[in-house]
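Structure below is model14.cif: mmCIF, C-alpha atoms.
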data_entry
#
loop_
_atom_site.label_atom_id
_atom_site.label_comp_id
_atom_site.auth_asym_id
_atom_site.auth_seq_id
_atom_site.Cartn_x
_atom_site.Cartn_y
_atom_site.Cartn_z
CA MET A 196 0.00 0.00 0.00
CA LYS A 197 2.85 2.38 0.85
CA ASN A 198 4.55 1.63 -2.49
CA ILE A 199 1.40 2.50 -4.43
CA PHE A 200 1.09 5.76 -2.49
CA LYS A 201 4.76 6.67 -3.22
CA ILE A 202 4.35 5.84 -6.92
CA LEU A 203 1.21 7.96 -7.12
CA ILE A 204 2.97 10.94 -5.49
CA LEU A 205 5.98 10.59 -7.79
CA LEU A 206 3.66 10.39 -10.81
CA ILE A 207 1.81 13.55 -9.78
CA ILE A 208 5.07 15.44 -9.13
CA GLY A 209 6.44 14.25 -12.48
CA VAL A 210 3.36 15.53 -14.31
CA PHE A 211 3.71 18.99 -12.71
CA PHE A 212 7.40 19.21 -13.61
CA LEU A 213 6.69 18.26 -17.21
CA GLN A 214 3.96 20.90 -17.55
CA THR A 215 5.97 23.84 -16.21
CA PRO A 216 8.37 24.17 -19.19
CA ALA A 217 5.46 23.99 -21.64
CA PHE A 218 4.10 27.34 -20.43
CA SER A 219 7.44 29.14 -20.77
CA ALA A 220 8.05 27.51 -24.16
CA GLU A 221 4.75 28.93 -25.46
CA LYS A 222 5.79 32.46 -24.45
CA GLU A 223 9.12 32.04 -26.21
CA THR A 224 7.34 30.70 -29.25
CA TYR A 225 5.31 33.90 -29.70
CA ALA A 226 8.46 36.02 -29.27
CA GLU A 227 10.27 33.85 -31.82
CA ILE A 228 7.36 34.03 -34.27
CA TYR A 229 7.29 37.81 -33.94
CA GLU A 230 11.04 38.09 -34.55
CA LYS A 231 10.96 35.76 -37.58
CA LEU A 232 8.18 37.65 -39.37
CA GLU A 233 9.41 40.11 -41.96
CA PRO A 234 7.53 43.31 -42.81
CA ALA A 235 6.14 43.59 -46.34
CA ASP A 236 8.77 44.67 -48.85
CA PHE A 237 6.24 46.19 -51.27
CA GLU A 238 3.52 48.84 -51.37
CA TYR A 239 0.41 49.31 -53.43
CA ILE A 240 0.49 52.26 -55.82
CA PHE A 241 -1.56 55.10 -54.32
CA GLY A 242 -2.74 52.60 -51.68
CA ILE A 243 -5.14 50.97 -54.14
CA ASP A 244 -5.75 47.23 -53.84
CA PRO A 245 -5.84 45.98 -57.47
CA TYR A 246 -8.44 43.29 -56.69
CA GLN A 247 -10.82 45.53 -54.76
CA ALA A 248 -13.03 46.46 -57.73
CA GLU A 249 -13.40 42.79 -58.69
CA ASP A 250 -14.42 41.88 -55.14
CA TYR A 251 -17.03 44.62 -54.93
CA THR A 252 -18.64 43.59 -58.23
CA LYS A 253 -18.55 39.88 -57.37
CA TYR A 254 -20.37 40.15 -54.02
CA MET A 255 -23.67 41.77 -52.95
CA TYR A 256 -21.92 44.09 -50.47
CA SER A 257 -18.45 44.65 -49.02
CA PRO A 258 -17.03 41.17 -48.51
CA TYR A 259 -14.52 42.15 -45.83
CA PRO A 260 -15.00 42.66 -42.08
CA LEU A 261 -14.70 46.02 -40.36
CA PHE A 262 -12.29 45.93 -37.41
CA ARG A 263 -12.23 48.58 -34.69
CA VAL A 264 -8.76 48.97 -33.19
CA GLY A 265 -9.05 50.47 -29.71
CA VAL A 266 -5.36 50.40 -28.71
CA PRO A 267 -2.20 50.83 -30.78
CA PHE A 268 -0.97 47.61 -32.42
CA ILE A 269 2.77 47.53 -33.13
CA PHE A 270 4.41 45.33 -35.74
CA LYS A 271 8.14 45.94 -36.11
CA GLY A 272 8.37 49.63 -37.21
CA THR A 273 4.67 49.97 -37.98
CA GLU A 274 2.14 51.29 -35.47
CA ILE A 275 -1.52 50.77 -36.28
CA LYS A 276 -3.34 53.61 -34.59
CA PRO A 277 -6.81 53.24 -33.04
CA GLY A 278 -9.60 53.53 -35.60
CA TYR A 279 -11.74 51.54 -38.02
CA TYR A 280 -10.10 49.32 -40.64
CA ILE A 281 -11.36 46.93 -43.28
CA LEU A 282 -9.28 43.73 -43.17
CA THR A 283 -8.52 42.06 -46.48
CA PRO A 284 -6.40 38.89 -46.78
CA ARG A 285 -4.19 38.71 -49.90
CA LYS A 286 -1.38 36.49 -51.20
CA LYS A 287 1.74 37.92 -52.81
CA ASP A 288 4.84 35.99 -53.84
CA GLY A 289 3.79 32.90 -51.87
CA LYS A 290 3.26 34.85 -48.62
CA THR A 291 -0.04 35.85 -47.07
CA TYR A 292 -0.70 39.38 -45.84
CA VAL A 293 -3.68 41.12 -44.30
CA LEU A 294 -4.33 44.58 -45.67
CA PHE A 295 -5.61 47.15 -43.20
CA LYS A 296 -7.66 49.57 -45.30
CA GLU A 297 -9.01 52.94 -44.32
CA GLN A 298 -11.51 54.71 -46.61
CA GLY A 299 -10.72 52.24 -49.40
CA ARG A 300 -6.94 52.81 -49.28
CA VAL A 301 -4.37 50.32 -48.00
CA LYS A 302 -2.79 51.81 -44.87
CA TYR A 303 -0.86 48.84 -43.48
CA LEU A 304 0.39 45.46 -44.75
CA ILE A 305 0.77 42.88 -41.98
CA PRO A 306 2.23 39.40 -42.63
CA VAL A 307 0.34 36.30 -41.52
CA TYR A 308 2.38 33.75 -39.59
CA GLU A 309 -0.10 30.88 -39.93
CA THR A 310 -3.22 29.96 -41.85
CA ASP A 311 -5.67 27.24 -40.95
CA LEU A 312 -9.09 25.95 -41.94
CA VAL A 313 -12.18 27.12 -40.08
CA ASN A 314 -14.33 24.48 -38.41
CA PRO A 315 -17.46 24.15 -40.61
CA LEU A 316 -19.74 24.67 -37.58
CA PHE A 317 -17.86 27.71 -36.26
CA TYR A 318 -20.01 30.42 -37.86
CA ASP A 319 -23.25 28.70 -36.82
CA GLN A 320 -22.05 28.67 -33.20
CA TYR A 321 -20.61 32.20 -32.93
CA ILE A 322 -22.48 34.34 -35.45
CA PRO A 323 -26.22 34.46 -34.89
CA GLU A 324 -28.44 34.46 -37.97
CA LYS A 325 -31.04 37.18 -38.22
CA LYS A 326 -34.53 35.72 -38.27
CA LYS A 327 -36.39 36.81 -41.38
CA GLY A 328 -39.87 38.23 -41.17
CA PHE A 329 -42.80 37.40 -43.43
CA TRP A 330 -41.97 40.00 -46.10
CA GLU A 331 -38.25 39.26 -46.07
CA LYS A 332 -38.99 35.60 -46.77
CA ARG A 333 -41.30 36.54 -49.66
CA ILE A 334 -38.77 38.95 -51.18
CA LYS A 335 -36.00 36.33 -50.89
CA GLY A 336 -38.24 33.72 -52.55
CA ALA A 337 -39.08 36.11 -55.42
CA SER A 338 -35.40 37.02 -55.83
CA ASP A 339 -34.41 33.34 -55.94
CA PHE A 340 -37.14 32.63 -58.52
CA ILE A 341 -35.97 35.49 -60.76
CA GLY A 342 -32.38 34.34 -60.28
CA ARG A 343 -33.29 30.89 -61.64
CA LEU A 344 -34.77 32.47 -64.79
CA PHE A 345 -31.50 34.22 -65.71
CA PRO A 346 -27.93 32.90 -65.94
CA LYS A 347 -26.02 32.59 -62.69
CA LYS A 348 -23.27 34.89 -64.00
CA THR A 349 -25.50 37.93 -63.53
CA GLN A 350 -26.16 37.24 -59.86
CA ARG A 351 -23.92 38.55 -57.15
CA MET A 352 -22.85 36.11 -54.48
CA PRO A 353 -23.35 36.68 -50.76
CA ALA A 354 -20.18 37.79 -49.02
CA PRO A 355 -18.18 35.14 -47.14
CA LYS A 356 -18.79 35.02 -43.41
CA ALA A 357 -16.16 36.64 -41.23
CA TYR A 358 -15.20 36.90 -37.58
CA ILE A 359 -12.29 38.53 -35.74
CA ASP A 360 -10.77 37.28 -32.49
CA VAL A 361 -8.16 39.23 -30.49
CA ASN A 362 -6.19 37.55 -27.70
CA ASP A 363 -3.94 39.26 -25.14
CA ILE A 364 -0.87 37.08 -24.66
CA GLU A 365 0.57 37.75 -21.19
CA GLY A 366 0.64 41.52 -21.63
CA GLU A 367 3.35 41.33 -24.32
CA PHE A 368 1.58 40.50 -27.56
CA TYR A 369 -1.80 40.70 -29.23
CA GLN A 370 -2.78 37.76 -31.39
CA VAL A 371 -5.38 38.69 -34.00
CA ILE A 372 -7.17 35.83 -35.75
CA LEU A 373 -9.16 36.76 -38.84
CA TYR A 374 -11.77 34.15 -39.76
CA TYR A 375 -12.67 34.77 -43.39
CA GLY A 376 -14.70 32.25 -45.34
CA GLU A 377 -13.03 28.88 -44.93
CA GLN A 378 -9.63 30.21 -43.78
CA LYS A 379 -8.18 31.54 -40.52
CA TYR A 380 -5.33 34.07 -40.67
CA TYR A 381 -3.10 34.52 -37.61
CA MET A 382 -1.29 37.82 -36.99
CA ILE A 383 0.81 38.91 -34.03
CA PHE A 384 1.47 42.41 -32.68
CA ARG A 385 3.57 43.73 -29.83
CA GLN A 386 1.91 45.73 -27.06
CA ARG A 387 3.25 49.07 -25.86
#
Any chance you could give the structure as structure tokens?
Amino acid sequence: MKNIFKILILLIIGVFFLQTPAFSAEKETYAEIYEKLEPADFEYIFGIDPYQAEDYTKYMYSPYPLFRVGVPFIFKGTEIKPGYYILTPRKKDGKTYVLFKEQGRVKYLIPVYETDLVNPLFYDQYIPEKKKGFWEKRIKGASDFIGRLFPKKTQRMPAPKAYIDVNDIEGEFYQVILYYGEQKYYMIFRQR
């Protein structure tokens, strides 16, 4: 009985010792990720996103989420000041960036350190659907009927669903996760 008790205590102590380095390793990982990321080495002419016009004609309304920044976000030499920004993910030369746009112009280019797929049930769980009234259902039905009469090319698609999550990482970093359509885009910023 005493041997079982000693083994149990040693097992519990061993588990606690193995978990302690994992927490400090995670903190170092974010610092390492931040240091490895390189700022964008290009700019858009006059701050105009070349694919913006295509996106706005393809979808029913602006397909990108509006993000309110309440505190300064710092990435290397760039400080994103508090305000409202439209976030737009783009790929360039095999790297993924998120464009922070203000009044239709690209203000900041922030590199993404990781992309991932969104869980198919995520939007159903975290973004409530507006319940349609009687007239809204009738208008939608009429619109769908007219849409079936004409080629699909003339119809605009609904914008992809989007969600933004900001995490404070031990008072040193902000992790911003942009959920856009079927992709997640991870960005990291230093706090003041």
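The smallest atom-to-atom distance between Met352 in chain A and any of A:Gly265, A:Val313, A:Asp339, A:Thr273, using all atoms listed in the file, is found for A:Asp339.
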*Carefully work through the PyMOL selection byres ((chain A and resi 269) around 10) for this structure and note down the residues it includes, as JSON, numbers by chain.*
{"A": [266, 267, 268, 270, 271, 272, 273, 274, 275, 276, 368, 369, 383, 384, 385, 386, 387]}
Got time to write the residues from that selection, C-alpha atoms, as an mmCIF file, in the coordinates of the input?
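Ended up saving to selection.cif:
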data_model
loop_
_atom_site.group_PDB
_atom_site.id
_atom_site.type_symbol
_atom_site.label_atom_id
_atom_site.label_comp_id
_atom_site.auth_asym_id
_atom_site.auth_seq_id
_atom_site.Cartn_x
_atom_site.Cartn_y
_atom_site.Cartn_z
ATOM 1 C CA VAL A 266 -5.360 50.400 -28.710
ATOM 2 C CA PRO A 267 -2.200 50.830 -30.780
ATOM 3 C CA PHE A 268 -0.970 47.610 -32.420
ATOM 4 C CA PHE A 270 4.410 45.330 -35.740
ATOM 5 C CA LYS A 271 8.140 45.940 -36.110
ATOM 6 C CA GLY A 272 8.370 49.630 -37.210
ATOM 7 C CA THR A 273 4.670 49.970 -37.980
ATOM 8 C CA GLU A 274 2.140 51.290 -35.470
ATOM 9 C CA ILE A 275 -1.520 50.770 -36.280
ATOM 10 C CA LYS A 276 -3.340 53.610 -34.590
ATOM 11 C CA PHE A 368 1.580 40.500 -27.560
ATOM 12 C CA TYR A 369 -1.800 40.700 -29.230
ATOM 13 C CA ILE A 383 0.810 38.910 -34.030
ATOM 14 C CA PHE A 384 1.470 42.410 -32.680
ATOM 15 C CA ARG A 385 3.570 43.730 -29.830
ATOM 16 C CA GLN A 386 1.910 45.730 -27.060
ATOM 17 C CA ARG A 387 3.250 49.070 -25.860
#
*Please check which residues have atoms at most 12 Å from (-9.8, 49.8, -53.9) in the file's coordinates, counting only C-alpha atoms, and write them as JSON, numbers by chain.*
{"A": [239, 240, 241, 242, 243, 244, 245, 246, 247, 248, 249, 250, 251, 252, 257, 281, 283, 294, 295, 296, 297, 298, 299, 300, 301, 302]}
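Every polymer residue reaching to within 12 Å of (-12.0, 25.0, -37.1), counting all atoms listed in the file, appears in this list: Thr310, Asp311, Leu312, Val313, Asn314, Pro315, Leu316, Phe317, Tyr318, Asp319, Gln320, Tyr321, Ile372, Tyr374, Tyr375, Gly376, Glu377, Gln378, Lys379 and Tyr380 of chain A.
When the PyMOL selection byres ((chain A and resi 235) around 8) is run on the displayed coordinates, the residues it returns are Glu233, Pro234, Asp236, Phe237, Glu238, Leu304, Ile305 and Pro306 of chain A.
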*At what distance in Å, to one decimal, does CA of Pro355 in chain A lie from CA of Val371 in chain A?*
18.7 Å
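Atom pair CA of Phe262 in chain A / CA of Tyr279 in chain A has a distance of 5.7 Å (rounded to one decimal).
Here CA of Glu331 in chain A is placed at a distance of 20.2 Å from CA of Leu344 in chain A.
If all atoms listed in the file are the atoms counted, then among A:Pro258, A:Val307, A:Gly366, A:Gly336 the closest residue to Arg285 in chain A is A:Val307.
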*Please identify all polymer residues within 7 Å of Tyr254 in chain A, counting all atoms listed in the file, omitting same-chain residues fewer than 6 positions from it, and present them as a count of residues only.*
4
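Closest approach to Ala357 in chain A among A:Gly328, A:Pro284, A:Gly289, A:Pro277: A:Pro284, based on all atoms listed in the file.
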*Looking at all atoms listed in the file, which of A:Tyr303, A:Phe345, A:Trp330, A:Tyr225 is the one that sits closest to Glu365 in chain A?*
A:Tyr225
